[in-house]
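Reading through the structure tokens given below for one structure.
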Amino acid sequence: MGRSAPAGAVALLIAQLAHPAGVGGAAEPAGVTNAPLAWQNWTLNCQGCHRPDGTGSEGTSPSLAGTVSKFLWVPGGREYIGRVPGVATSSLSNADLAELVNWMLWRFDKEHLPSGFRPFTAAEIGRLRTQPLRLEASQMRAELLKKADESGPP
Amino acid sequence: MAEKVLRGIASRTSRRSVFTILGGFLAGAAALPLLPVARGAESEPNPQDPNSGQVPPQESGNPQDPGDRTRCDYWRYCAIDGSLCSCYGGSVNTCPPGTEMSPITWIGTCRNPADQRSYIISYNDCCGGVAWGRCACQNNQGDRPVVRPQTNNEVTWCFGTKSQSYTCTVALILGVAIDQKK
């Protein structure tokens with residue numbers, strides 16, 4: 001174990017150098033006080049359709065892996081995350097849901113998290129979920145991701 | 001020769017008696033399926049069903065995972081709605097040959113009677129085979145109305161598979177659940 005520590009440090013340094021400017025890749029999820037509970041809430045409420053690795057199912061549950069944090073790059077994206085049907089109509093409390101969303105952004109797309117990422121709070125999630133998206137969600141998603149790919153990270 | 005025989009029959013029988021005999025045959029044929037013999041034949045094991053007849057008990061042999069996996073009261077089946085793959089040539093963890101496990105699943109928790117802890121259970125449907133309706137179970141712990149489809153277990157979860165035809169369901173352990181104070 002003692003010999004693996006320097007190797008780990010080198011790997012971390014390489015990983016940090018590999019990240020483009022303006023995005024994170026934090027070792028710990030921000031805004032999460034109980035990561036095992038966030039994982040459990042993900043498993044019980046989201047994983048069934050979005051799959052354990054977040055790659056989703058075409059047509060019903062879009063992929064989160066490698067994309068979900070890009071919503072935070074563009075105006076309206078943060079609101080989209082709180083209003084998307086799977087989040088807004090969840091049976092979880094605002095506090096549990098905010099932690100789950102923060103954990104999910106880190107777990108499935110930490111590479112694209114903006115470096116100045118402000119974690120979601122229970123109050124913010126509570127406010128956003130009062131206006132759930134319906135059929136317009138998929139079109140909004142496509143437009144936001146297009147803008148994000150055009151603009152790049154903030 | 002044939003004409004002589006027919007004329008002989010015609011001279012001995014009336015038209016009415018012919019209808020009587022024919023009518024008797026028709027009524028008898030209609031009544032046959034109602035007889036106990038016919039019903040008995042219907043309940044015979046289907047020779048094409050690979051698990052036709054008695055399904056032997058399947059126990060893990062591990063005291064930490066007690067119960068018969070071919071029965072609805074096995075602890076991992078607490079939220080199952082469907083047929084048990086253990087009765088189809090599969091097991092509690094594996095699909096029967098010729099079927100494909102759906103990656104899209106219904107997930108719940110069940111309490112293990114051996115250690116009184118709750119475990120996260122994934123109910124994966126096995127799709128693409130023949131559904132015999134064997135070992136059908138209706139356990140609905142944590143089930144929500146179908147207006148919340150993501151938490152309703154009556155939905156057939158044969159999504160992401162080549163075939164959408166449902167065969168049976170397995171119950172996989174994903175992990176130990178965190179006990180939350182309500």
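Starting from 1 in every chain, residues are counted up; chains themselves are A, B, ... following the order of the structure tokens, and ligands are numbered from 1 as listed.
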Original post:
Could you pull the residues within 12 Å of Pro75 (chain A), counting only C-alpha atoms, minus those fewer than 6 positions along the same chain, as a ChimeraX atom specification?
Top reply: /A:81,140,143-145,147-148,151,153-154
Output of the above residues as a PDB file, in the first residue's frame, restricted to C-alpha atoms:
ATOM      1  CA  ILE A  81     -32.077  19.840 -13.983  1.00  0.00           C
ATOM      2  CA  MET A 140     -35.360  21.562 -24.197  1.00  0.00           C
ATOM      3  CA  GLU A 143     -31.371  22.664 -27.329  1.00  0.00           C
ATOM      4  CA  LEU A 144     -29.468  23.127 -24.069  1.00  0.00           C
ATOM      5  CA  LEU A 145     -26.886  20.465 -24.919  1.00  0.00           C
ATOM      6  CA  LYS A 147     -25.767  25.391 -26.834  1.00  0.00           C
ATOM      7  CA  ALA A 148     -23.404  23.856 -24.271  1.00  0.00           C
ATOM      8  CA  SER A 151     -20.187  27.531 -25.977  1.00  0.00           C
ATOM      9  CA  PRO A 153     -17.416  25.401 -20.261  1.00  0.00           C
ATOM     10  CA  PRO A 154     -17.854  28.802 -18.584  1.00  0.00           C
TER      11      PRO A 154
END
Identify, on the basis of only C-alpha atoms, every residue whose closest approach to Arg107 (chain A) does not exceed 12 Å; exclude the query and any residue fewer than 4 positions from it along the same chain; express the result as a compact mmCIF listing (two decimals) with N, CA and C atoms, in the first residue's frame.
# COMPACT_ATOMS: atom_id res chain seq x y z
N GLY A 25 -13.84 18.07 -11.68
CA GLY A 25 -13.30 16.72 -11.57
C GLY A 25 -12.96 16.45 -10.12
N ALA A 26 -13.76 17.05 -9.22
CA ALA A 26 -13.49 16.98 -7.79
C ALA A 26 -13.47 15.54 -7.30
N ALA A 27 -12.62 15.30 -6.29
CA ALA A 27 -12.52 13.95 -5.73
C ALA A 27 -13.74 13.60 -4.89
N GLU A 28 -14.39 14.60 -4.33
CA GLU A 28 -15.59 14.38 -3.49
C GLU A 28 -16.75 15.18 -4.06
N PRO A 29 -17.97 14.64 -3.95
CA PRO A 29 -19.11 15.41 -4.46
C PRO A 29 -19.43 16.60 -3.55
N ALA A 30 -19.59 17.79 -4.14
CA ALA A 30 -19.93 18.97 -3.35
C ALA A 30 -21.43 18.96 -3.04
N VAL A 32 -22.97 17.20 -0.71
CA VAL A 32 -23.46 15.87 -0.33
C VAL A 32 -22.92 15.54 1.05
N ALA A 35 -23.14 10.43 1.24
CA ALA A 35 -23.01 9.84 -0.09
C ALA A 35 -23.65 8.45 -0.19
N ALA A 38 -27.26 9.00 -0.73
CA ALA A 38 -27.51 9.52 -2.08
C ALA A 38 -27.46 8.39 -3.10
N TRP A 39 -26.47 7.49 -2.93
CA TRP A 39 -26.38 6.33 -3.84
C TRP A 39 -27.64 5.47 -3.71
N TRP A 42 -30.53 7.07 -5.39
CA TRP A 42 -30.35 6.91 -6.84
C TRP A 42 -30.78 5.50 -7.27
N PRO A 52 -27.29 1.38 -14.02
CA PRO A 52 -26.29 1.62 -12.97
C PRO A 52 -25.17 2.57 -13.40
N ASP A 53 -24.80 2.56 -14.68
CA ASP A 53 -23.71 3.43 -15.12
C ASP A 53 -24.21 4.75 -15.71
N GLY A 54 -25.52 5.02 -15.58
CA GLY A 54 -26.07 6.30 -16.03
C GLY A 54 -26.19 6.44 -17.54
N LEU A 64 -27.13 10.11 -18.74
CA LEU A 64 -26.57 11.14 -17.87
C LEU A 64 -25.04 11.13 -17.98
N ALA A 65 -24.52 9.96 -18.27
CA ALA A 65 -23.07 9.75 -18.24
C ALA A 65 -22.38 10.64 -19.26
N GLY A 66 -21.46 11.45 -18.75
CA GLY A 66 -20.66 12.29 -19.65
C GLY A 66 -21.39 13.48 -20.23
N THR A 67 -22.65 13.74 -19.80
CA THR A 67 -23.38 14.88 -20.36
C THR A 67 -24.06 15.75 -19.30
N VAL A 68 -24.48 15.14 -18.17
CA VAL A 68 -25.44 15.84 -17.30
C VAL A 68 -24.90 17.15 -16.74
N SER A 69 -23.59 17.23 -16.48
CA SER A 69 -23.06 18.48 -15.92
C SER A 69 -22.94 19.59 -16.94
N GLU A 99 -29.41 16.54 -2.46
CA GLU A 99 -28.17 15.76 -2.29
C GLU A 99 -28.00 14.75 -3.42
N LEU A 100 -29.10 14.13 -3.81
CA LEU A 100 -29.03 13.15 -4.90
C LEU A 100 -28.58 13.81 -6.21
N VAL A 101 -29.14 14.98 -6.51
CA VAL A 101 -28.76 15.67 -7.75
C VAL A 101 -27.28 16.07 -7.70
N ASN A 102 -26.83 16.60 -6.56
CA ASN A 102 -25.41 16.97 -6.43
C ASN A 102 -24.51 15.74 -6.60
N TRP A 103 -24.93 14.64 -5.98
CA TRP A 103 -24.14 13.39 -6.08
C TRP A 103 -24.12 12.89 -7.52
N GLU A 111 -16.29 15.32 -14.84
CA GLU A 111 -15.35 15.96 -15.77
C GLU A 111 -15.89 17.28 -16.31
N HIS A 112 -17.22 17.39 -16.41
CA HIS A 112 -17.80 18.60 -16.99
C HIS A 112 -18.37 19.56 -15.93
N LEU A 113 -18.20 19.25 -14.65
CA LEU A 113 -18.69 20.16 -13.60
C LEU A 113 -17.92 21.47 -13.67
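Of the listed residues B:Gly128, B:Ala114, B:Cys158, B:Trp106, the one whose atoms come nearest to chain A is B:Trp106, with distances taken using only C-alpha atoms.
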Original post:
Counting only C-alpha atoms, which residues of chain B come no farther than 9 Å from chain A, as a list in words?
Top reply: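 The selection requested is Pro103, Ile104, Thr105, Trp106, Ile107, Gly108, Thr109, Ile120, Ile121, Ser122, Arg148, Gln150, Thr151, Phe159, Gly160, Leu174, Gly175, Ala177 and Ile178 of chain B.
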Take the residues from that selection and put them in a file with N, CA and C atoms, as a PDB file, in the first residue's frame.
ATOM      1  N   PRO B 103     -32.237  -4.842 -18.966  1.00  0.00           N
ATOM      2  CA  PRO B 103     -31.379  -3.957 -18.173  1.00  0.00           C
ATOM      3  C   PRO B 103     -32.188  -2.890 -17.438  1.00  0.00           C
ATOM      4  N   ILE B 104     -33.439  -2.696 -17.832  1.00  0.00           N
ATOM      5  CA  ILE B 104     -34.314  -1.711 -17.208  1.00  0.00           C
ATOM      6  C   ILE B 104     -35.141  -2.444 -16.166  1.00  0.00           C
ATOM      7  N   THR B 105     -35.120  -1.949 -14.926  1.00  0.00           N
ATOM      8  CA  THR B 105     -35.659  -2.778 -13.845  1.00  0.00           C
ATOM      9  C   THR B 105     -36.523  -1.992 -12.874  1.00  0.00           C
ATOM     10  N   TRP B 106     -37.259  -2.751 -12.085  1.00  0.00           N
ATOM     11  CA  TRP B 106     -38.015  -2.225 -10.958  1.00  0.00           C
ATOM     12  C   TRP B 106     -37.214  -2.578  -9.719  1.00  0.00           C
ATOM     13  N   ILE B 107     -36.923  -1.590  -8.863  1.00  0.00           N
ATOM     14  CA  ILE B 107     -36.046  -1.821  -7.712  1.00  0.00           C
ATOM     15  C   ILE B 107     -36.774  -1.491  -6.417  1.00  0.00           C
ATOM     16  N   GLY B 108     -36.646  -2.369  -5.438  1.00  0.00           N
ATOM     17  CA  GLY B 108     -37.277  -2.147  -4.131  1.00  0.00           C
ATOM     18  C   GLY B 108     -36.392  -2.677  -3.022  1.00  0.00           C
ATOM     19  N   THR B 109     -36.925  -2.712  -1.818  1.00  0.00           N
ATOM     20  CA  THR B 109     -36.172  -3.286  -0.706  1.00  0.00           C
ATOM     21  C   THR B 109     -36.987  -4.379  -0.035  1.00  0.00           C
ATOM     22  N   ILE B 120     -31.439  -4.051  -0.918  1.00  0.00           N
ATOM     23  CA  ILE B 120     -31.955  -3.469  -2.164  1.00  0.00           C
ATOM     24  C   ILE B 120     -32.029  -4.586  -3.201  1.00  0.00           C
ATOM     25  N   ILE B 121     -33.238  -4.788  -3.729  1.00  0.00           N
ATOM     26  CA  ILE B 121     -33.478  -5.899  -4.654  1.00  0.00           C
ATOM     27  C   ILE B 121     -33.869  -5.341  -6.026  1.00  0.00           C
ATOM     28  N   SER B 122     -33.223  -5.848  -7.055  1.00  0.00           N
ATOM     29  CA  SER B 122     -33.571  -5.459  -8.424  1.00  0.00           C
ATOM     30  C   SER B 122     -34.369  -6.590  -9.065  1.00  0.00           C
ATOM     31  N   ARG B 148     -47.686   6.564 -11.244  1.00  0.00           N
ATOM     32  CA  ARG B 148     -46.251   6.784 -11.056  1.00  0.00           C
ATOM     33  C   ARG B 148     -45.526   5.571 -11.636  1.00  0.00           C
ATOM     34  N   GLN B 150     -42.719   4.809 -12.776  1.00  0.00           N
ATOM     35  CA  GLN B 150     -41.363   4.431 -12.389  1.00  0.00           C
ATOM     36  C   GLN B 150     -41.327   3.666 -11.074  1.00  0.00           C
ATOM     37  N   THR B 151     -42.419   3.726 -10.292  1.00  0.00           N
ATOM     38  CA  THR B 151     -42.460   2.985  -9.031  1.00  0.00           C
ATOM     39  C   THR B 151     -43.625   2.012  -8.996  1.00  0.00           C
ATOM     40  N   PHE B 159     -37.802  -3.645 -21.515  1.00  0.00           N
ATOM     41  CA  PHE B 159     -37.286  -2.567 -22.346  1.00  0.00           C
ATOM     42  C   PHE B 159     -35.783  -2.790 -22.528  1.00  0.00           C
ATOM     43  N   GLY B 160     -35.268  -2.386 -23.668  1.00  0.00           N
ATOM     44  CA  GLY B 160     -33.826  -2.548 -23.896  1.00  0.00           C
ATOM     45  C   GLY B 160     -33.460  -3.980 -24.232  1.00  0.00           C
ATOM     46  N   LEU B 174     -28.722  -5.988  -4.767  1.00  0.00           N
ATOM     47  CA  LEU B 174     -27.793  -4.938  -5.199  1.00  0.00           C
ATOM     48  C   LEU B 174     -26.942  -4.442  -4.029  1.00  0.00           C
ATOM     49  N   GLY B 175     -27.445  -4.606  -2.805  1.00  0.00           N
ATOM     50  CA  GLY B 175     -26.676  -4.136  -1.650  1.00  0.00           C
ATOM     51  C   GLY B 175     -27.547  -4.094  -0.418  1.00  0.00           C
ATOM     52  N   ALA B 177     -29.475  -2.065   2.387  1.00  0.00           N
ATOM     53  CA  ALA B 177     -30.079  -0.737   2.463  1.00  0.00           C
ATOM     54  C   ALA B 177     -29.725  -0.074   3.787  1.00  0.00           C
ATOM     55  N   ILE B 178     -29.645   1.254   3.743  1.00  0.00           N
ATOM     56  CA  ILE B 178     -29.406   2.029   4.961  1.00  0.00           C
ATOM     57  C   ILE B 178     -30.743   2.161   5.676  1.00  0.00           C
TER      58      ILE B 178
END
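Taking CA of Ser115 (chain A) as the reference point, CA of Trp73 (chain A) is found at 10.5 Å.
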Subject >> Spatial neighbours of Glu136 (chain A), max dist 12 Å, only C-alpha atoms, sep filter under 4 positions, as JSON, numbers by chain >> reply: {"A": [80, 83, 84, 85, 132, 140, 141, 142, 143]}
Atoms kept (C-alpha atoms) for selection, written as a short mmCIF file (atom, residue, chain, number, x, y, z; two decimals), in the first residue's frame:
data_model
loop_
_atom_site.label_atom_id
_atom_site.label_comp_id
_atom_site.auth_asym_id
_atom_site.auth_seq_id
_atom_site.Cartn_x
_atom_site.Cartn_y
_atom_site.Cartn_z
CA TYR A 80 -33.79 22.26 -16.40
CA ARG A 83 -37.60 20.64 -13.45
CA VAL A 84 -36.93 17.51 -15.52
CA PRO A 85 -39.74 14.98 -14.88
CA PRO A 132 -42.18 20.21 -13.68
CA MET A 140 -35.36 21.56 -24.20
CA ARG A 141 -32.66 19.00 -23.40
CA ALA A 142 -31.50 18.86 -27.04
CA GLU A 143 -31.37 22.66 -27.33
#
Original post:
A:Thr55, A:Ser138, A:Ser93, A:Thr33: which is nearest Pro119 (chain A), counting only C-alpha atoms?
Top reply: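 Once distances to Pro119 (chain A) are computed over only C-alpha atoms, the minimum belongs to A:Thr33.
Between CA of Asp96 (chain A) and CA of Arg111 (chain B) lies a distance of 22.6 Å.
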Subject >> Top pick for closest residue to Cys110 (chain B), considering B:Gly98, B:Ser83, B:Tyr77, B:Val55 and counting only C-alpha atoms >> reply: B:Tyr77
Subject >> Those of chain A in DSSP helix (DSSP H, G or I), formatted as a PyMOL selection string >> reply: chain A and resi 4-18+35-45+47-50+68-73+77-83+85-88+94-112+122-128+137-151
Original post:
Of the candidates B:Asp65, B:Thr161, B:Ala79, B:Val130, which shows the shortest atom-to-atom distance to Pro97 (chain B), using only C-alpha atoms?
Top reply: B:Val130
**OP:** Kindly indicate which residue among B:Tyr123, B:Leu172, B:Asp73, B:Cys87 lies nearest to Pro57 (chain B), using only C-alpha atoms for the distances.
**Re:** B:Cys87
